[in-house]
Amino acid sequence: MQLPRYIAHRGLSEHAPENTLAAIQAAADAGCEWIELDVQYLGDGTPVIWHDATVDRCSDGRGALIDMTREDIRRLDVGSWFSDDFRGERMALLDEALSLVSALDMGLNLELKLNPGHDAEMLAGVAVHRARQVLPQDRLLVSSFDMTALEHARSRDDALALGLLYEAVPRCWASDAERLRPFSVHADWTRLEQERLIEVQAAGLALLCYTVNDPERFASWWDHGVDGVFTDDPGLFDARYQRQTR
Ligand code: G3P
Ligand code: MG
């Protein structure tokens, strides 16, 4: 699998409402090859692209996603909170997002987002199944903070590329890796320790950092060998880093 240095976080979320079809399209228009999106499911089981447990922050409605149906979320405007230019944007269903990513020939890091009330097996089952129907193996990386969700993903697809998602990389990361056989480890860059970076890369895994929107403060981590970053705007970074990694 070949990942670029920059993965557009929640789509091109600096320039379009996060986790929407508009943000996916904006990322493609800006030349991004890969994006990250969060997936969870509604109360009726429909998988959707959304980060928070509620719709309060990023829509004109209120309430928990787990209490909503597909019909409920179709009534929400998820663009106006960001800018009038995106008025009328609708919450993206997973299937719609996958179709667009595929049509745009992009790669996708699909993050399995386990908010309260969600079941890891159900989310992993539906998300991995649908994503693998649409995207080729080398264009899909499935990650999660929830190791149980990743275990279910692995059990469904032995060849699936997995990313272990942590805040600070714990000392026990290697036992997670032994069990899950991931492609990469994803870490909060403000909590990254060089020792962990060295260990992860020595094990042959890529180390990706989130969410990096301050290229100057981050610069020394390139020198330490970080493989790539999730950023709300890849355009913030110096062109000399716009090269492929592993
Ligand atoms: O997958 C990297 C990053 O998206 C994890 O944090 O909260 O932005 O989903 P969050
Ligand atoms: Mg995410």
# chains A, B, ... in the order shown; residues from 1 in each chain; ligands from 1
$ residues_near_ligand --ligand "ligand 1" --cutoff "12 Å" --atoms "only C-alpha atoms and all ligand atoms" --output "ChimeraX atom specification"
/A:6-11,13,18-19,35-40,49-53,108-115,141-146,162-168,184-189,207-212,228-232
$ select_by_dssp --residues "segment 73-196 of chain A" --states "strand (DSSP E)" --output "list in words"
Gly107, Leu108, Asn109, Leu110, Glu111, Leu112, Leu140, Leu141, Val142, Ser143, Ser144, Ala161, Leu162, Gly163, Leu164, Leu165, Ser184, Val185, His186, Ala187 and Asp188 of chain A
$ write_last_selection --atoms "C-alpha atoms" --output "compact mmCIF listing (two decimals), in the first residue's frame"
# COMPACT_ATOMS: atom_id res chain seq x y z
CA GLY A 107 -7.85 6.22 -1.08
CA LEU A 108 -9.80 6.12 2.17
CA ASN A 109 -8.89 5.78 5.81
CA LEU A 110 -12.20 4.79 7.33
CA GLU A 111 -12.21 5.35 11.09
CA LEU A 112 -14.66 3.16 12.99
CA LEU A 140 -8.66 1.20 2.04
CA LEU A 141 -7.19 1.54 5.52
CA VAL A 142 -9.54 0.86 8.45
CA SER A 143 -8.64 2.35 11.84
CA SER A 144 -10.17 2.74 15.28
CA ALA A 161 -5.07 -2.93 6.07
CA LEU A 162 -5.66 -1.85 9.67
CA GLY A 163 -4.48 1.21 11.61
CA LEU A 164 -4.12 1.11 15.40
CA LEU A 165 -5.40 4.47 16.58
CA SER A 184 0.10 1.37 10.61
CA VAL A 185 -0.08 3.06 14.00
CA HIS A 186 -1.83 6.45 14.24
CA ALA A 187 -0.95 8.80 17.09
CA ASP A 188 -1.76 12.24 18.45
$ residues_around --residues "Cys172 of chain A" --least-positions-apart "5" --cutoff "12 Å" --atoms "only C-alpha atoms" --output "list in words"
Leu164, Tyr166, Ala177, Glu178, Arg179, Arg196, Glu199 and Val200 of chain A
$ write_last_selection --atoms "N, CA and C atoms" --output "PDB file, in the first residue's frame"
ATOM      1  N   LEU A 164      -3.873   1.027  13.955  1.00  0.00           N
ATOM      2  CA  LEU A 164      -4.125   1.105  15.396  1.00  0.00           C
ATOM      3  C   LEU A 164      -4.131   2.577  15.774  1.00  0.00           C
ATOM      4  N   TYR A 166      -4.321   5.550  18.455  1.00  0.00           N
ATOM      5  CA  TYR A 166      -4.121   5.847  19.870  1.00  0.00           C
ATOM      6  C   TYR A 166      -4.053   7.351  20.074  1.00  0.00           C
ATOM      7  N   ALA A 177      -0.506  -5.067  18.144  1.00  0.00           N
ATOM      8  CA  ALA A 177      -0.021  -5.302  16.780  1.00  0.00           C
ATOM      9  C   ALA A 177       0.115  -6.788  16.482  1.00  0.00           C
ATOM     10  N   GLU A 178       0.581  -7.518  17.473  1.00  0.00           N
ATOM     11  CA  GLU A 178       0.757  -8.969  17.273  1.00  0.00           C
ATOM     12  C   GLU A 178      -0.594  -9.635  16.979  1.00  0.00           C
ATOM     13  N   ARG A 179      -1.606  -9.184  17.687  1.00  0.00           N
ATOM     14  CA  ARG A 179      -2.948  -9.754  17.541  1.00  0.00           C
ATOM     15  C   ARG A 179      -3.623  -9.306  16.245  1.00  0.00           C
ATOM     16  N   ARG A 196       8.701   5.457  20.925  1.00  0.00           N
ATOM     17  CA  ARG A 196       7.595   4.678  20.358  1.00  0.00           C
ATOM     18  C   ARG A 196       7.655   4.702  18.831  1.00  0.00           C
ATOM     19  N   GLU A 199      10.251   2.256  17.723  1.00  0.00           N
ATOM     20  CA  GLU A 199       9.781   0.865  17.904  1.00  0.00           C
ATOM     21  C   GLU A 199       8.788   0.461  16.808  1.00  0.00           C
ATOM     22  N   VAL A 200       7.842   1.366  16.545  1.00  0.00           N
ATOM     23  CA  VAL A 200       6.794   1.054  15.556  1.00  0.00           C
ATOM     24  C   VAL A 200       7.416   0.853  14.179  1.00  0.00           C
TER      25      VAL A 200
END
$ closest_residue --among "A:Thr69, A:Arg62, A:Asp176, A:Asp85" --to "His15 of chain A" --atoms "only C-alpha atoms"
A:Asp85
$ select_by_dssp --residues "segment 1-191 of chain A" --states "helix (DSSP H, G or I)" --output "ChimeraX atom specification"
/A:21-29,65-67,70-74,84-86,94-103,120-134,137-139,147-156,173-180,189-191
$ residues_around --residues "segment 92-94 of chain A" --least-positions-apart "6" --cutoff "6 Å" --atoms "only C-alpha atoms" --output "tab-separated table (two decimals) with C-alpha atoms, in the first residue's frame"
chain	number	residue	atom	x	y	z
A	20	THR	CA	-19.51	15.55	3.99
A	47	PRO	CA	-24.02	3.63	8.52
A	48	VAL	CA	-23.24	7.34	8.10
A	49	ILE	CA	-20.18	9.54	7.90
$ atom_distance --atom1 "atom CA of Leu160 of chain A" --atom2 "atom CA of Ala120 of chain A"
16.8 Å
$ residues_around --residues "His129 of chain A" --least-positions-apart "5" --cutoff "12 Å" --atoms "only C-alpha atoms" --output "list in words"
Pro47, Leu94, Asp95, Leu98, Glu121, Met122, Leu123, Ala124, Val134, Leu135, Leu140, Val142, His152, Ala153, Arg154, Ser155, Arg156, Asp157 and Leu160 of chain A
$ atom_distance --atom1 "atom CA of Met91 of chain A" --atom2 "atom CA of Val78 of chain A"
6.1 Å
$ atom_distance --atom1 "atom CA of Asn213 of chain A" --atom2 "atom CA of Ile24 of chain A"
18.2 Å
$ decode --residues "segment 62-144 of chain A" --atoms "C-alpha atoms" --output "compact mmCIF listing (two decimals), in the first residue's frame"
# COMPACT_ATOMS: atom_id res chain seq x y z
CA ARG A 62 -30.08 18.53 17.99
CA GLY A 63 -29.93 15.04 19.41
CA ALA A 64 -27.96 11.82 19.53
CA LEU A 65 -27.28 9.97 16.31
CA ILE A 66 -28.19 6.67 17.93
CA ASP A 67 -31.74 7.98 18.44
CA MET A 68 -32.17 8.92 14.77
CA THR A 69 -33.26 7.18 11.59
CA ARG A 70 -32.21 7.70 8.01
CA GLU A 71 -35.35 9.76 7.47
CA ASP A 72 -34.47 12.01 10.44
CA ILE A 73 -30.96 12.81 9.29
CA ARG A 74 -32.05 13.56 5.72
CA ARG A 75 -33.93 16.57 7.09
CA LEU A 76 -30.80 18.07 8.65
CA ASP A 77 -28.72 20.81 7.06
CA VAL A 78 -25.10 19.88 7.81
CA GLY A 79 -23.50 22.66 5.76
CA SER A 80 -24.80 26.01 7.03
CA TRP A 81 -22.97 25.81 10.39
CA PHE A 82 -19.74 25.95 8.35
CA SER A 83 -20.70 28.53 5.73
CA ASP A 84 -23.69 29.69 3.71
CA ASP A 85 -21.90 28.32 0.64
CA PHE A 86 -22.75 24.82 1.89
CA ARG A 87 -26.37 25.44 2.84
CA GLY A 88 -28.52 22.36 2.20
CA GLU A 89 -25.65 19.84 2.43
CA ARG A 90 -26.98 16.51 3.73
CA MET A 91 -25.31 14.04 6.07
CA ALA A 92 -23.48 11.50 3.92
CA LEU A 93 -24.47 7.86 4.06
CA LEU A 94 -21.47 5.53 4.08
CA ASP A 95 -22.55 4.13 0.71
CA GLU A 96 -22.66 7.60 -0.86
CA ALA A 97 -19.23 8.47 0.50
CA LEU A 98 -17.72 5.20 -0.73
CA SER A 99 -19.16 5.72 -4.21
CA LEU A 100 -17.73 9.23 -4.40
CA VAL A 101 -14.29 8.20 -3.11
CA SER A 102 -14.25 5.43 -5.68
CA ALA A 103 -15.41 7.69 -8.53
CA LEU A 104 -12.69 10.20 -7.62
CA ASP A 105 -10.10 7.42 -7.55
CA MET A 106 -8.99 8.29 -4.03
CA GLY A 107 -7.85 6.22 -1.08
CA LEU A 108 -9.80 6.12 2.17
CA ASN A 109 -8.89 5.78 5.81
CA LEU A 110 -12.20 4.79 7.33
CA GLU A 111 -12.21 5.35 11.09
CA LEU A 112 -14.66 3.16 12.99
CA LYS A 113 -16.05 5.65 15.51
CA LEU A 114 -17.51 3.95 18.57
CA ASN A 115 -19.60 6.55 20.34
CA PRO A 116 -21.73 5.58 23.40
CA GLY A 117 -24.47 3.06 22.58
CA HIS A 118 -22.68 1.65 19.56
CA ASP A 119 -21.65 -1.96 19.15
CA ALA A 120 -18.14 -2.65 17.87
CA GLU A 121 -19.02 -5.88 16.07
CA MET A 122 -21.97 -4.36 14.27
CA LEU A 123 -20.06 -1.27 13.17
CA ALA A 124 -17.02 -3.23 11.99
CA GLY A 125 -19.22 -5.74 10.21
CA VAL A 126 -21.27 -3.30 8.20
CA ALA A 127 -18.48 -0.80 7.48
CA VAL A 128 -15.85 -3.30 6.38
CA HIS A 129 -18.30 -5.28 4.30
CA ARG A 130 -19.52 -2.24 2.38
CA ALA A 131 -16.13 -0.59 2.01
CA ARG A 132 -14.56 -3.75 0.60
CA GLN A 133 -17.39 -4.08 -1.92
CA VAL A 134 -16.53 -0.67 -3.36
CA LEU A 135 -12.83 0.00 -2.79
CA PRO A 136 -9.82 -2.09 -3.79
CA GLN A 137 -7.60 -3.45 -1.04
CA ASP A 138 -4.80 -0.96 -1.65
CA ARG A 139 -7.18 2.03 -1.35
CA LEU A 140 -8.66 1.20 2.04
CA LEU A 141 -7.19 1.54 5.52
CA VAL A 142 -9.54 0.86 8.45
CA SER A 143 -8.64 2.35 11.84
CA SER A 144 -10.17 2.74 15.28
